[in-house]
There are 8 protein chains.
Amino acid sequence: MSPDRALDELAELPYADLGFAKLDLHREIRNGLPEAIYAEGKRSEDLSAIVARMLEAHGRVLVTRVRPEMAAALSAIHPDGAHHERARIWTLGQGAPIAGPPIAVVAAGTSDLPVAEEAAVCLAWFGHEVERGYDVGIAGLHRLLGRLPALRRAGVVVAVAGMDGALPTVVASLVASPVVAVPTSVGYGASFSGLAALLTMLNGCAPGVGVVNIDNGYGAAVLASRIARLGRPAG
Amino acid sequence: MSPDRALDELAELPYADLGFAKLDLHREIRNGLPEAIYAEGKRSEDLSAIVARMLEAHGRVLVTRVRPEMAAALSAIHPDGAHHERARIWTLGQGAPIAGPPIAVVAAGTSDLPVAEEAAVCLAWFGHEVERGYDVGIAGLHRLLGRLPALRRAGVVVAVAGMDGALPTVVASLVASPVVAVPTSVGYGASFSGLAALLTMLNGCAPGVGVVNIDNGYGAAVLASRIARLGRPAG
Amino acid sequence: MSPDRALDELAELPYADLGFAKLDLHREIRNGLPEAIYAEGKRSEDLSAIVARMLEAHGRVLVTRVRPEMAAALSAIHPDGAHHERARIWTLGQGAPIAGPPIAVVAAGTSDLPVAEEAAVCLAWFGHEVERGYDVGIAGLHRLLGRLPALRRAGVVVAVAGMDGALPTVVASLVASPVVAVPTSVGYGASFSGLAALLTMLNGCAPGVGVVNIDNGYGAAVLASRIARLGRPAG
Amino acid sequence: MSPDRALDELAELPYADLGFAKLDLHREIRNGLPEAIYAEGKRSEDLSAIVARMLEAHGRVLVTRVRPEMAAALSAIHPDGAHHERARIWTLGQGAPIAGPPIAVVAAGTSDLPVAEEAAVCLAWFGHEVERGYDVGIAGLHRLLGRLPALRRAGVVVAVAGMDGALPTVVASLVASPVVAVPTSVGYGASFSGLAALLTMLNGCAPGVGVVNIDNGYGAAVLASRIARLGRPAG
Amino acid sequence: MSPDRALDELAELPYADLGFAKLDLHREIRNGLPEAIYAEGKRSEDLSAIVARMLEAHGRVLVTRVRPEMAAALSAIHPDGAHHERARIWTLGQGAPIAGPPIAVVAAGTSDLPVAEEAAVCLAWFGHEVERGYDVGIAGLHRLLGRLPALRRAGVVVAVAGMDGALPTVVASLVASPVVAVPTSVGYGASFSGLAALLTMLNGCAPGVGVVNIDNGYGAAVLASRIARLGRPAG
Amino acid sequence: MSPDRALDELAELPYADLGFAKLDLHREIRNGLPEAIYAEGKRSEDLSAIVARMLEAHGRVLVTRVRPEMAAALSAIHPDGAHHERARIWTLGQGAPIAGPPIAVVAAGTSDLPVAEEAAVCLAWFGHEVERGYDVGIAGLHRLLGRLPALRRAGVVVAVAGMDGALPTVVASLVASPVVAVPTSVGYGASFSGLAALLTMLNGCAPGVGVVNIDNGYGAAVLASRIARLGRPAG
Amino acid sequence: MSPDRALDELAELPYADLGFAKLDLHREIRNGLPEAIYAEGKRSEDLSAIVARMLEAHGRVLVTRVRPEMAAALSAIHPDGAHHERARIWTLGQGAPIAGPPIAVVAAGTSDLPVAEEAAVCLAWFGHEVERGYDVGIAGLHRLLGRLPALRRAGVVVAVAGMDGALPTVVASLVASPVVAVPTSVGYGASFSGLAALLTMLNGCAPGVGVVNIDNGYGAAVLASRIARLGRPAG
Amino acid sequence: MSPDRALDELAELPYADLGFAKLDLHREIRNGLPEAIYAEGKRSEDLSAIVARMLEAHGRVLVTRVRPEMAAALSAIHPDGAHHERARIWTLGQGAPIAGPPIAVVAAGTSDLPVAEEAAVCLAWFGHEVERGYDVGIAGLHRLLGRLPALRRAGVVVAVAGMDGALPTVVASLVASPVVAVPTSVGYGASFSGLAALLTMLNGCAPGVGVVNIDNGYGAAVLASRIARLGRPAG
C-alpha cells in the first residue's frame, strides 16, 4: 500500500461537515470524551446548528464560554438544557457515571470562581464526583489546611489561582496525588493577565504539578478526567 | 489548643538538619516518593554529605543534574551507584516495582534526548515500566504514527519537545490517556530558550495535556508517576 | 550626473498627492499589483476621496479592514461595489485572470475565518483560483488529511491559525509547495494576541514556511500571489 | 476500513531507525527535497552514522551548522565532501539542476554573511542559480539600488539582515517577486538576539514578504527553492 | 503527636465560612491588622454580606477598589460609612491611634493621585499620622526639595510614581528612613502599564527602597504600617 | 553653609501650589520653554484652574492630549484660544518667533498624522518654521525622495512612523541634520503598540537619530526646538 | 538668593574626587549608613584606591561582589580585613552596635545562600543581631514552620528565594513584621533569571512585603537596617 | 526619464567594493561625517583591508569596538594610529576642528565609563571640545549638581547610565540644551541588559531627551555632533 493511499484512508475518518465547521464525531472513541463546543466568537445560528448536530450524533452536548443570551437562546430550543451561570456553561444530557476516585477542585480567591466552576461543572458532567474548596489561598494557610482531609481523599486535585499562584505548589507538597494547576487572568499590576501565576506554577519546587493554559478550566477538567479514569479496571 | 501551639506541632515534623540544608525525610510518607537531590550548584562535599544522609534514611537515592566529575566522585565512595550519562543522573538502589500501566516517553528530536532520558530514568527508578520513542516530531508524522500502538497501551504519555512544540497536542488528539508535556530549551532563533515550545504546548487545541517547566524531565516523571499509581488498587 | 540629481530624478515617480495621503499610482508596474486601501483609522471622507482617485487611475479598487457602515457608504456612492462581510473587504472591479496554479487557503478553527477570508477574497480579486478548507486544525488530524488532495494540487498553501499554530508545519511536511503561514490573534490565556501562534510557526521543524504578520490576511494574499505568478510564462 | 487500521497503514511509511534517530528517507518524494542533517548538538559518532545512512539511501547529503572539527572528521571519511566554511555547511554530491529562475541572496551587513551564505550554499546545492549581493543595507541606499537589476531578474529574493531589518521591506517595494526575509541574531543593545529585526520584518508596510526564523538560512533556502520550482512545467 | 494530627490542629484556626468566601477573622491577632475587603469583581450582594460579617466580628471595616455605586449601596445600609472617592475606598469605624512616627506619602504627578490616596486613606484608617506631598516629580527637583523637611521627619516614606519612576530613588538618597515604592500604571507609550516604572524602581542605585505591586496603594500602606509600628514600645 | 541649608535654598524656587498640582513657573528660565499642560486624566475643573494660573503667569498656554469636549470648555472661557483638532492640542497666545532653521516633520502613513501634527503644532507654537511631509513611508521610496530638498533644508527632521519604523533610518542616511524619531502605537499584529517601531528605530544602522517615547509628539517637538535654537547667536 | 546660587551651594557638598570615581563621604550623615563599594567591573587598582580613601575617611569599609582574587589582594594590603567567601564580601572594621530588634534572614533553597549571606553579612556589619534560617522553602512547609518562633521574634524578616518565590508571601501571612523579599536568579526553565520569582513576590496576596531587585542582598540589608533602626529612640 | 532609469542613476553613487564589504566613500558629503568601521565580528585581514581602503580615500579613519589584539595589529601596520583602550577605539588622523559649542559627556557610574568614553573619543575625533563628568548618578545628587555649570555651558549633553537610568531626565530638567541619552547594559537583576535603563529614559517626564540604542556610544556621538554643528554659520 502506497503512502499516499495510507493518508487517503486516514482522511476518511467520520466527521460532520457543516460548511463553516467540521464536527469530530469520532472523538469519544479515540479520546474517551466527546468534543465540547467552545461558544466564544461563534455566531448564534452557527452555534445552534452545531448543538443540533452534536445532539443528533451523541444525544448530549456541553457548551463552554457561553454568554447569558446565548444560553437563553439554546434553552428556548432545548428546554431540557441547563445553564451553569457562574461556570459560563450550557449542558444537555449527562456523561455516564464513572466509578473512579473523587476529584477535588480548589480555588485561591473568590475572583477565581468562574474558572474553578468551569472545571467543576465539566467534571461533574463527565461523571466524576467533585469536591469543591474555594477561597483557600496561601495568605491564610489554615483555610487550605482545613480542606486537607478532602484533598487527600481525592484521586486528582485541580488547583485554580490568579494572584496566589503558589497554591498548587503547596497542595502538591501536602498530597500524593497528581495536581492540575490552572492560572487565572485575575489580578492587577504585574500579574500581566495571568502570566505571573503561570510562571509561579511552572517554577514551584514541589513536583507533581501539570499546568494548563490560563483560564482553561475546561482543559483542566479533561486532563483530570483522563487521569481519574486510570483508577477504573478498563483504563 | 491555641493556633500558635498548632503551628508549633506542625513544625516538629521530622527533617535532618545538615546546617546548609534540611532533608525532608518524611516526604515519602506524605507524597509517595522520597526527595530527590538536585546537584546543580551544590558543592561537592555538600552533595556527598546529603547523599550519605539520604542513604542512611532510605537506603536509596537519586541525584539529578549531576556533572560527570560529580558522578565519578559519588561512584568512588559508593561503588554500587550507577551513572546514567545522557540523563545526567546518578542513582543508588531502586524503587519497588509499581504494578501500574506502562508509561511512554516520546521525544521530538535527537537534541531533546537528555531531558527525555531524565524523565525515563527517573520513572524506571520509581519502579515503572517505560516505553521510549525518540525522534518522532510532527515534521514526519508517520514516525510518530509508527509509535501509536505503544502510545495507546501506555497509562500516561510524557511528550518532550523543543522546536517541535506541537508534539504533545498531536499525541493528546490520538490517545485517551493523560499527556505530560515537557518543553525543552533546545532550539535557536525565536525559540527563546524553550519559551516558544512552552507557549505552543499551553495553547494547543487538544485537551488532556499538563505542562511542566522547561527542561524539567524530573518533574514530568514525578507527575507521571503520581498519575500511573492511580491505576493500582490502593491508589 | 551628480548623486543629488539622481535622487531628484527618482523623486519624480508618479503619485497622486491628496494632501493627507499620497497614492502610489505606479505600484502595479513596479510590484505587479495595484496599491490596496487599508480603511482602519481613516476618516470616512478621506476614504471616499482615496477610493475615487484610485478608481480614476486604475478602474478598480480593493479596500481592506472596512467596517460595515464604511462599506455601506462606499456602496451608496458606487453601487457596483461588493462588500465581503466576513472578510471585512470592499471591492469594485476585478483583477485580470491569471493563468497560474490554484491557491489553497486552510484555517484551523472557525474563529480564524475572518483572516482566512481576507486572504481568500484578495486572492480571488487578484485573479487566482482559490480552494478553501476550514476547521482543519491538528487536534483532529483526519480533518486536515481529508483536504490533502486539494493541498497537493495547489501551487501555494496559505495556512491560517490562532490556537493551533502547528498547522502550517504539518501542512509543509505533507506537501511540496511553499506555505504562507498567518498567525491570528484569536485565542485566550497564554496566546498573547497571536504571539504564541507566531512563535510556533517560526519554530516549526518542517521547512518551506514563510510567516507574515499576525492577522495579516492581505499580506499573505500578496505573497501567495507573487509566488503563484511564477508559474506563468512571463514571470 | 477502521480508523485505527488507517493510522496503522500511515505508520508504515519508510524510515531508517538508527535507534537514536529516525531518518525520513521518504521526504524527497513527499516534499521535493531530501532531509538535511542539522549537526548542532549531535555527537560526532552519531553524525557519522547518520551521514553514512543518508549517503546509502540518496547518494548525497547536506549537513548544516557543522563546526570545523566535525567537517574535518567527515571529510576524513568521505574525501569527496566539501566544507563551506563561512556557511558552516558540509556537502557531498549535488542536487539535480533545476531549470527555474535565478534566486538572489542579499545581506545588509558583513556580519550577516554566515546566515546569507548558509542560504546561498543550500540553494546552489539544491540546483538553483544564485546571485549574491552583500553589504547592501538601507543606511546606504545606493548600494542596494546598485543591485536592482539583479534583484529584478530573480524569481525569488532572499533578504538577510540583523541591525538593518528594513531591508526586505525596501526590496519588496522595488521588485515584483516574492521576498523571503531572514532576521539574524547579529546586533547589540536593543536588538535582543534578532527579535528587533524579526519584528521589523513582520511589520514592514510593503507586502510580498514571508519571514523565517532568526538565523535560519537553511529554512529560507528550502522556502525559496519550493517557490522557484513553481517556474518549471511539472510544478 | 502525628504530623497529620498537627495539620488538623492548624486547620482549626477560626474563620467565617460564607460559602463563596472564607473570612480570616484571626488575621488581626496574627498580622496586627484586620483583613481588608477588595471589592473589584465581587457581586454587590456578596460584598454586602462580607461587610456585614466583618462588622459583626470587628466593629469596623475597610473596603478598597470600590466603585461609586457600590459605595452608595453600602452607605445606604450603613449610614455611618465614609466614601473616600479619589481613593476608591469605603470605610466604617477607625483603627486605634498608633503612637508611631508620621508617614509621608509623595506622588510624582497628578495622575498618580488615586493610588497615593489609596495608601494615604488606608494609613490614616490604620491610625497613623499622614503627610501628603503631591506633584513632586523629579522633572522639577525643587518641588520635591520643598518637601524635604516633611520627608525627613517621617518614619517611612511611601513614594508613588508612574512616568517618573526615579522618584523613590531620589527620595531614598535624601532621607535615612525606609522608602516604600509604588509604581503606577499611569503613562503612555513605552510605559507598558507600569512595567517601566517598576523596573526603574527596582534598578535605582540608592538602597533603602522596597517595591510593591503596580497600583497597589493598599499593599504599600500595610507595609508602611508594619514598619512604623516598630517605633512603638511593644513592636 | 550646611548641606541641609543648601537643600532648603534650592527648595525655595518659585512654583504655584494649587493643592492638587504644583506649577513650575520657573521652567522657561531654566529650560527655555514654559511648562505645557498634559490634559489626559485631569478633571475638567482642575484643567481650567491650571490653565488660568498659567495664563496669569505667562500670558500664553499650550495644552496637549485635549479631548474635543475639554477644548470646547476651555474655548468657552477663553474665546481667543485655538483648538488644533487633529493634533489634540489647545493653545492660547504664541511663543516668540525664533530665528532658527526650519524644522521638517515627516510621517510614514496617514494613521501617524495625529502624532505628527502634535509635534508640528507644538513646534509652530514654539516659534519655528515647520515643513510637513506626510505619507512618505519607505514602501514607496520615491514619495520620500520627493521630499528630499525640503528635508535637506531643515535644521532638524522629526520622523514619525508606526508600521514603517525604518523611516528615520532612511532619512538619517540621506541628510546631515539630526533626526528625532517618534514611534507610534499605530499598527496591528506583532506591532505590540509601537514596540516594534521603537526597536526598529533604535537598531537602525544609520547614526544621527535620537528616539523619544512612543506617540510622544510633544516630546519630539521640545527636543527639536532645543536643537534648532542652537542655530541662534545666544544658543 | 537666586536659584542658580542655590544649586551652586548644593553642589558644594563634600565628596572625594578620584578622577574615575567620586566618593560620597557625606552619605552616612544623610542616610545613616556609609557608602558601600560594589566591586564588580572595577579594576583592581581602582578598587584599592577607593578602599584606601574610604578607610581614611571612615576607618571602615564594606566591599560587595568581590571575587576571591580581589579579596586576597585587599587582604594583602589590609591584613585586618575579613573575607566572607560565600557572601562575596570583604570588610574592614565594624559598624557601631545598634540596639534594635533582631533581623531574621530566611532562604528557600541551598542555591539561594550566596544572596542570603550577602544580606546577613551586611546586616551584621551594620550592627544588627541576625537570625539565619536556610532551606525553608514552601515545598516542605514544616521546615519553615520550625523557624516560626524566630521569625516572630524578629523586627524585620528578609526572605530570599529563587524557584520558590512564594516564600515571602507565606512568611508575611504568619508574622506581623515587615518582610523584605529578595528574588534570586537561581532556577532553570521558565524562571527567566529571577523574573518569575520577582513576579511571584509582587503578586502574592499577603500584604506587608517590599521587594528589592533580583539578587540584591545588599539592598535588602540596607532596607532592613533602615526599618530596624526605627525601633531605637533617635530614629 | 523613466523611473527605472532614475533608480539606475541613483545606483551609480560611488562606493568601493571589496567583495565582502562595500565602503560608502560618499558618506561624508551626504551626512557630514565619514563612515566609521565597526570592528566586532570582522576578521583581522578584512579589517586591515577596510582600514587601508578608507585611509586611501579619506586620509583618516576611526574604528570602534576594537579588541586589544586587533588594535595592536593595526598599530603594527600604521604606527601613527592611536588606541583608546577604555573606549575600545583605534583612530588614525583627526577631523578638522569644528567651531561649535562644547559637548558635555556625563556618566552615572564607573561601570558606564567604556560607553561614555566611546562617545567622548568619537566626539573629540570629530573635532568637538568635550567636557567629561563621570560618576554623577542621581543617588548622590550633589555630585551631579557640582557639574551643573559645565552642563549649562554645553551645546549638547550626552548622558550615559545603566542602573541609574533617570540621569538624562534630571539633566534635561536642569539645562536648556538637547540631551542625548545612552542606556548601558551594565547592571544586574531586573536590568535586563539595559532594557530597564532604556525604558526609564523613554518614560522620563522632562522633555528634551533623545535616546539611542543600548551601549551605542558611537551613535550618541554622531547625533551630538550633528546637533552641535548647527551652532556654526554654514549649518
# chains A, B, ... in the order shown; residues from 1 in each chain; ligands from 1
>>> residues_around(residues="stretch 223-230 of chain E", least_positions_apart="6", cutoff="10 Å", atoms="only C-alpha atoms", output="VMD selection string")
(chain E and resid 31 to 33 98 to 104 119 122 to 124 126 to 128 154 to 158 178 to 180 210 to 212) or (chain G and resid 100 to 101 155 to 156 172 176 to 180 207 to 210 224 226 to 232)
>>> write_last_selection(atoms="N, CA and C atoms", output="compact mmCIF listing (two decimals), in the first residue's frame")
# COMPACT_ATOMS: atom_id res chain seq x y z
N ASN E 31 -1.38 39.13 62.30
CA ASN E 31 -0.64 40.09 61.48
C ASN E 31 -0.75 41.54 61.93
N GLY E 32 -1.55 41.80 63.00
CA GLY E 32 -1.58 43.16 63.52
C GLY E 32 -2.63 44.05 62.88
N LEU E 33 -3.18 43.64 61.71
CA LEU E 33 -4.19 44.44 61.04
C LEU E 33 -5.32 43.51 60.60
N ILE E 98 -2.11 54.96 66.49
CA ILE E 98 -0.86 54.25 66.68
C ILE E 98 0.21 55.28 67.03
N ALA E 99 0.83 55.11 68.16
CA ALA E 99 1.78 56.11 68.64
C ALA E 99 3.14 55.98 67.96
N GLY E 100 3.18 55.97 66.67
CA GLY E 100 4.45 55.86 65.96
C GLY E 100 4.79 57.14 65.25
N PRO E 101 5.83 57.14 64.44
CA PRO E 101 6.25 58.33 63.69
C PRO E 101 5.26 58.62 62.56
N PRO E 102 5.21 59.86 62.06
CA PRO E 102 4.35 60.16 60.92
C PRO E 102 4.86 59.44 59.67
N ILE E 103 3.96 59.22 58.71
CA ILE E 103 4.30 58.58 57.44
C ILE E 103 4.03 59.57 56.33
N ALA E 104 5.05 59.77 55.46
CA ALA E 104 4.87 60.69 54.33
C ALA E 104 4.44 59.91 53.10
N ALA E 119 -3.25 54.68 49.42
CA ALA E 119 -2.28 54.45 50.50
C ALA E 119 -2.55 55.37 51.69
N CYS E 122 -5.80 54.54 53.70
CA CYS E 122 -5.58 53.32 54.49
C CYS E 122 -4.73 53.61 55.72
N LEU E 123 -3.64 54.33 55.52
CA LEU E 123 -2.74 54.62 56.63
C LEU E 123 -3.46 55.40 57.72
N ALA E 124 -4.24 56.39 57.32
CA ALA E 124 -4.98 57.17 58.31
C ALA E 124 -5.95 56.26 59.07
N PHE E 126 -5.64 53.11 59.56
CA PHE E 126 -4.87 52.23 60.46
C PHE E 126 -4.45 52.97 61.74
N GLY E 127 -4.57 54.31 61.75
CA GLY E 127 -4.24 55.06 62.94
C GLY E 127 -2.94 55.85 62.86
N HIS E 128 -2.39 56.03 61.66
CA HIS E 128 -1.12 56.76 61.52
C HIS E 128 -1.37 58.21 61.14
N ALA E 154 9.48 62.07 58.65
CA ALA E 154 8.67 60.86 58.59
C ALA E 154 9.47 59.61 58.99
N GLY E 155 8.76 58.63 59.58
CA GLY E 155 9.40 57.36 59.91
C GLY E 155 9.53 56.47 58.68
N VAL E 156 8.61 56.61 57.77
CA VAL E 156 8.60 55.87 56.49
C VAL E 156 8.11 56.84 55.43
N VAL E 157 8.59 56.65 54.19
CA VAL E 157 8.06 57.43 53.08
C VAL E 157 7.47 56.46 52.05
N VAL E 158 6.22 56.72 51.66
CA VAL E 158 5.60 55.98 50.55
C VAL E 158 5.72 56.87 49.33
N PRO E 178 13.26 54.14 55.71
CA PRO E 178 12.89 53.22 54.62
C PRO E 178 11.87 53.87 53.69
N VAL E 179 11.96 53.51 52.40
CA VAL E 179 11.05 54.06 51.39
C VAL E 179 10.26 52.92 50.77
N VAL E 180 8.94 53.05 50.75
CA VAL E 180 8.08 52.07 50.09
C VAL E 180 7.69 52.65 48.73
N GLY E 210 11.86 49.47 49.11
CA GLY E 210 11.14 48.22 48.90
C GLY E 210 9.96 48.50 47.99
N VAL E 211 9.78 47.66 46.96
CA VAL E 211 8.77 47.93 45.95
C VAL E 211 7.57 47.01 46.15
N VAL E 212 6.36 47.55 45.96
CA VAL E 212 5.15 46.72 45.98
C VAL E 212 4.59 46.65 44.56
N GLY G 100 18.63 47.64 68.27
CA GLY G 100 17.30 47.42 67.71
C GLY G 100 16.90 45.96 67.81
N PRO G 101 15.76 45.62 67.25
CA PRO G 101 15.29 44.23 67.29
C PRO G 101 16.15 43.33 66.39
N GLY G 155 12.31 41.82 64.26
CA GLY G 155 11.68 43.09 63.92
C GLY G 155 11.40 43.20 62.42
N VAL G 156 12.23 42.58 61.64
CA VAL G 156 12.09 42.54 60.18
C VAL G 156 12.49 41.14 59.74
N ALA G 172 4.89 36.48 55.30
CA ALA G 172 4.12 37.67 55.65
C ALA G 172 2.75 37.34 56.22
N ALA G 176 3.78 39.53 61.99
CA ALA G 176 3.24 40.88 61.96
C ALA G 176 4.28 41.91 61.55
N SER G 177 5.52 41.50 61.35
CA SER G 177 6.59 42.44 61.00
C SER G 177 6.65 42.65 59.49
N PRO G 178 7.33 43.71 59.06
CA PRO G 178 7.54 43.91 57.62
C PRO G 178 8.48 42.84 57.07
N VAL G 179 8.25 42.45 55.82
CA VAL G 179 9.06 41.43 55.15
C VAL G 179 9.75 42.05 53.94
N VAL G 180 11.07 41.88 53.87
CA VAL G 180 11.83 42.34 52.70
C VAL G 180 12.09 41.12 51.83
N PRO G 207 -0.30 41.07 52.20
CA PRO G 207 0.40 42.36 52.19
C PRO G 207 1.46 42.41 53.29
N GLY G 208 2.32 43.42 53.21
CA GLY G 208 3.38 43.59 54.20
C GLY G 208 4.74 43.24 53.65
N VAL G 209 4.83 43.10 52.31
CA VAL G 209 6.08 42.69 51.68
C VAL G 209 6.59 43.80 50.77
N GLY G 210 7.88 44.14 50.89
CA GLY G 210 8.53 45.07 49.96
C GLY G 210 9.63 44.32 49.22
N ALA G 224 16.33 46.68 55.35
CA ALA G 224 16.01 46.08 56.64
C ALA G 224 16.64 46.87 57.77
N ARG G 226 17.39 50.13 57.77
CA ARG G 226 16.64 51.38 57.96
C ARG G 226 15.37 51.13 58.76
N ILE G 227 14.71 49.98 58.46
CA ILE G 227 13.48 49.65 59.19
C ILE G 227 13.79 49.38 60.66
N ALA G 228 14.80 48.52 60.91
CA ALA G 228 15.09 48.12 62.30
C ALA G 228 15.52 49.30 63.15
N ARG G 229 16.20 50.27 62.55
CA ARG G 229 16.63 51.43 63.34
C ARG G 229 15.47 52.27 63.84
N LEU G 230 14.28 52.09 63.23
CA LEU G 230 13.09 52.78 63.75
C LEU G 230 12.79 52.36 65.17
N GLY G 231 13.23 51.17 65.57
CA GLY G 231 12.96 50.67 66.91
C GLY G 231 13.76 51.39 67.98
N ARG G 232 14.71 52.26 67.55
CA ARG G 232 15.54 52.95 68.54
C ARG G 232 15.01 54.35 68.82
>>> interface_residues(of="chain E", to="chain H", cutoff="10 Å", atoms="only C-alpha atoms", output="NGL selection string")
:E and (108-109 or 137-141 or 162-167 or 169-174 or 187-192 or 195-207)
>>> write_last_selection(atoms="N, CA and C atoms", output="short mmCIF file (atom, residue, chain, number, x, y, z; two decimals), in the first residue's frame")
data_model
loop_
_atom_site.label_atom_id
_atom_site.label_comp_id
_atom_site.auth_asym_id
_atom_site.auth_seq_id
_atom_site.Cartn_x
_atom_site.Cartn_y
_atom_site.Cartn_z
N ALA E 108 4.39 61.57 42.21
CA ALA E 108 5.11 62.32 41.19
C ALA E 108 4.20 63.23 40.38
N GLY E 109 3.03 62.71 39.95
CA GLY E 109 2.18 63.51 39.07
C GLY E 109 0.75 63.49 39.54
N GLY E 137 7.40 65.33 41.14
CA GLY E 137 8.27 64.53 40.27
C GLY E 137 9.63 65.17 40.06
N ILE E 138 10.59 64.35 39.64
CA ILE E 138 11.97 64.83 39.57
C ILE E 138 12.23 65.70 38.35
N ALA E 139 11.22 65.88 37.46
CA ALA E 139 11.41 66.82 36.37
C ALA E 139 11.41 68.26 36.88
N GLY E 140 11.02 68.46 38.13
CA GLY E 140 11.10 69.77 38.77
C GLY E 140 11.61 69.56 40.18
N LEU E 141 12.91 69.30 40.29
CA LEU E 141 13.50 68.84 41.55
C LEU E 141 13.15 69.73 42.74
N GLY E 162 4.37 57.01 38.26
CA GLY E 162 4.15 56.26 37.04
C GLY E 162 5.22 56.57 36.01
N MET E 163 5.10 57.71 35.33
CA MET E 163 6.08 58.08 34.32
C MET E 163 7.44 58.37 34.97
N ASP E 164 7.41 58.83 36.16
CA ASP E 164 8.59 59.42 36.80
C ASP E 164 9.16 58.46 37.83
N GLY E 165 9.46 57.23 37.38
CA GLY E 165 9.77 56.14 38.29
C GLY E 165 10.99 56.34 39.15
N ALA E 166 11.79 57.36 38.87
CA ALA E 166 13.01 57.57 39.65
C ALA E 166 12.74 58.27 40.98
N LEU E 167 11.50 58.68 41.21
CA LEU E 167 11.19 59.42 42.44
C LEU E 167 11.65 58.68 43.70
N THR E 169 13.98 56.54 44.20
CA THR E 169 15.44 56.55 44.29
C THR E 169 15.95 57.89 44.82
N VAL E 170 15.44 58.97 44.25
CA VAL E 170 15.90 60.29 44.69
C VAL E 170 15.52 60.50 46.16
N VAL E 171 14.30 60.11 46.52
CA VAL E 171 13.88 60.26 47.92
C VAL E 171 14.81 59.46 48.84
N ALA E 172 15.09 58.21 48.46
CA ALA E 172 15.92 57.36 49.32
C ALA E 172 17.33 57.89 49.46
N SER E 173 17.77 58.68 48.49
CA SER E 173 19.12 59.23 48.60
C SER E 173 19.16 60.48 49.49
N LEU E 174 17.99 61.00 49.82
CA LEU E 174 17.93 62.24 50.61
C LEU E 174 17.49 62.04 52.05
N GLY E 187 0.57 56.38 32.40
CA GLY E 187 1.62 56.63 31.41
C GLY E 187 1.17 56.19 30.05
N TYR E 188 1.98 56.46 29.05
CA TYR E 188 1.63 56.02 27.69
C TYR E 188 2.91 55.54 27.04
N GLY E 189 2.81 55.17 25.78
CA GLY E 189 3.99 54.75 25.05
C GLY E 189 4.66 53.56 25.71
N ALA E 190 5.96 53.63 25.89
CA ALA E 190 6.72 52.51 26.40
C ALA E 190 6.63 52.38 27.92
N SER E 191 5.52 52.82 28.52
CA SER E 191 5.40 52.64 29.98
C SER E 191 4.86 51.24 30.28
N PHE E 192 4.19 50.62 29.30
CA PHE E 192 3.72 49.25 29.44
C PHE E 192 2.99 49.01 30.76
N LEU E 195 5.08 48.76 33.94
CA LEU E 195 6.28 47.93 33.95
C LEU E 195 7.55 48.78 33.94
N ALA E 196 7.54 49.85 33.14
CA ALA E 196 8.73 50.70 33.08
C ALA E 196 9.02 51.31 34.45
N ALA E 197 7.97 51.81 35.12
CA ALA E 197 8.18 52.39 36.44
C ALA E 197 8.68 51.34 37.42
N LEU E 198 8.10 50.14 37.34
CA LEU E 198 8.52 49.06 38.23
C LEU E 198 10.01 48.76 38.05
N LEU E 199 10.45 48.63 36.81
CA LEU E 199 11.86 48.33 36.56
C LEU E 199 12.76 49.48 37.01
N THR E 200 12.32 50.70 36.76
CA THR E 200 13.10 51.84 37.22
C THR E 200 13.30 51.79 38.73
N MET E 201 12.23 51.47 39.45
CA MET E 201 12.30 51.46 40.91
C MET E 201 13.19 50.33 41.42
N LEU E 202 13.13 49.17 40.75
CA LEU E 202 13.94 48.04 41.20
C LEU E 202 15.43 48.28 40.93
N ASN E 203 15.74 49.04 39.89
CA ASN E 203 17.12 49.22 39.48
C ASN E 203 17.78 50.48 40.01
N GLY E 204 17.00 51.34 40.67
CA GLY E 204 17.58 52.59 41.16
C GLY E 204 18.77 52.31 42.06
N CYS E 205 19.75 53.19 42.02
CA CYS E 205 21.01 52.92 42.71
C CYS E 205 21.01 53.24 44.19
N ALA E 206 20.05 54.01 44.68
CA ALA E 206 20.06 54.34 46.11
C ALA E 206 19.36 53.23 46.88
N PRO E 207 20.06 52.51 47.76
CA PRO E 207 19.39 51.44 48.50
C PRO E 207 18.46 52.00 49.57
#
>>> residues_around(residues="stretch 40-55 of chain B", least_positions_apart="5", cutoff="7 Å", atoms="only C-alpha atoms", output="number ranges by chain")
B: 60-61, 65-66, 70, 74; G: 111
>>> residues_around(residues="A:Val63", least_positions_apart="4", cutoff="7 Å", atoms="only C-alpha atoms", output="list in words")
Ala36, Ile37, Tyr38, Ala39, Ile89, Trp90 and Thr91 of chain A
>>> write_last_selection(atoms="C-alpha atoms", output="PDB file, in the first residue's frame")
ATOM      1  CA  ALA A  36     -17.150  20.062  23.561  1.00  0.00           C
ATOM      2  CA  ILE A  37     -18.342  23.261  21.874  1.00  0.00           C
ATOM      3  CA  TYR A  38     -16.424  26.495  22.546  1.00  0.00           C
ATOM      4  CA  ALA A  39     -19.068  29.207  22.082  1.00  0.00           C
ATOM      5  CA  ILE A  89     -21.539  26.520  30.589  1.00  0.00           C
ATOM      6  CA  TRP A  90     -24.672  25.120  28.978  1.00  0.00           C
ATOM      7  CA  THR A  91     -25.264  21.366  29.010  1.00  0.00           C
TER       8      THR A  91
END
>>> residues_around(residues="H:Thr110", least_positions_apart="5", cutoff="8 Å", atoms="only C-alpha atoms", output="list in words")
Phe20, Ala21 and Lys42 of chain G; Tyr134 and Asp135 of chain H
>>> atom_distance(atom1="atom CA of E:Pro114", atom2="atom CA of E:Ala87")
5.1 Å
>>> atom_distance(atom1="atom CA of F:Asp112", atom2="atom CA of D:Gly194")
26.0 Å
>>> atom_distance(atom1="atom CA of D:Glu85", atom2="atom CA of D:Val182")
19.8 Å
>>> select_by_dssp(residues="stretch 1-223 of chain D", states="alpha helix (DSSP H)", output="ChimeraX atom specification")
/D:3-10,27-31,44-58,68-77,113-126,141-145,148-153,167-174,195-203,217-223
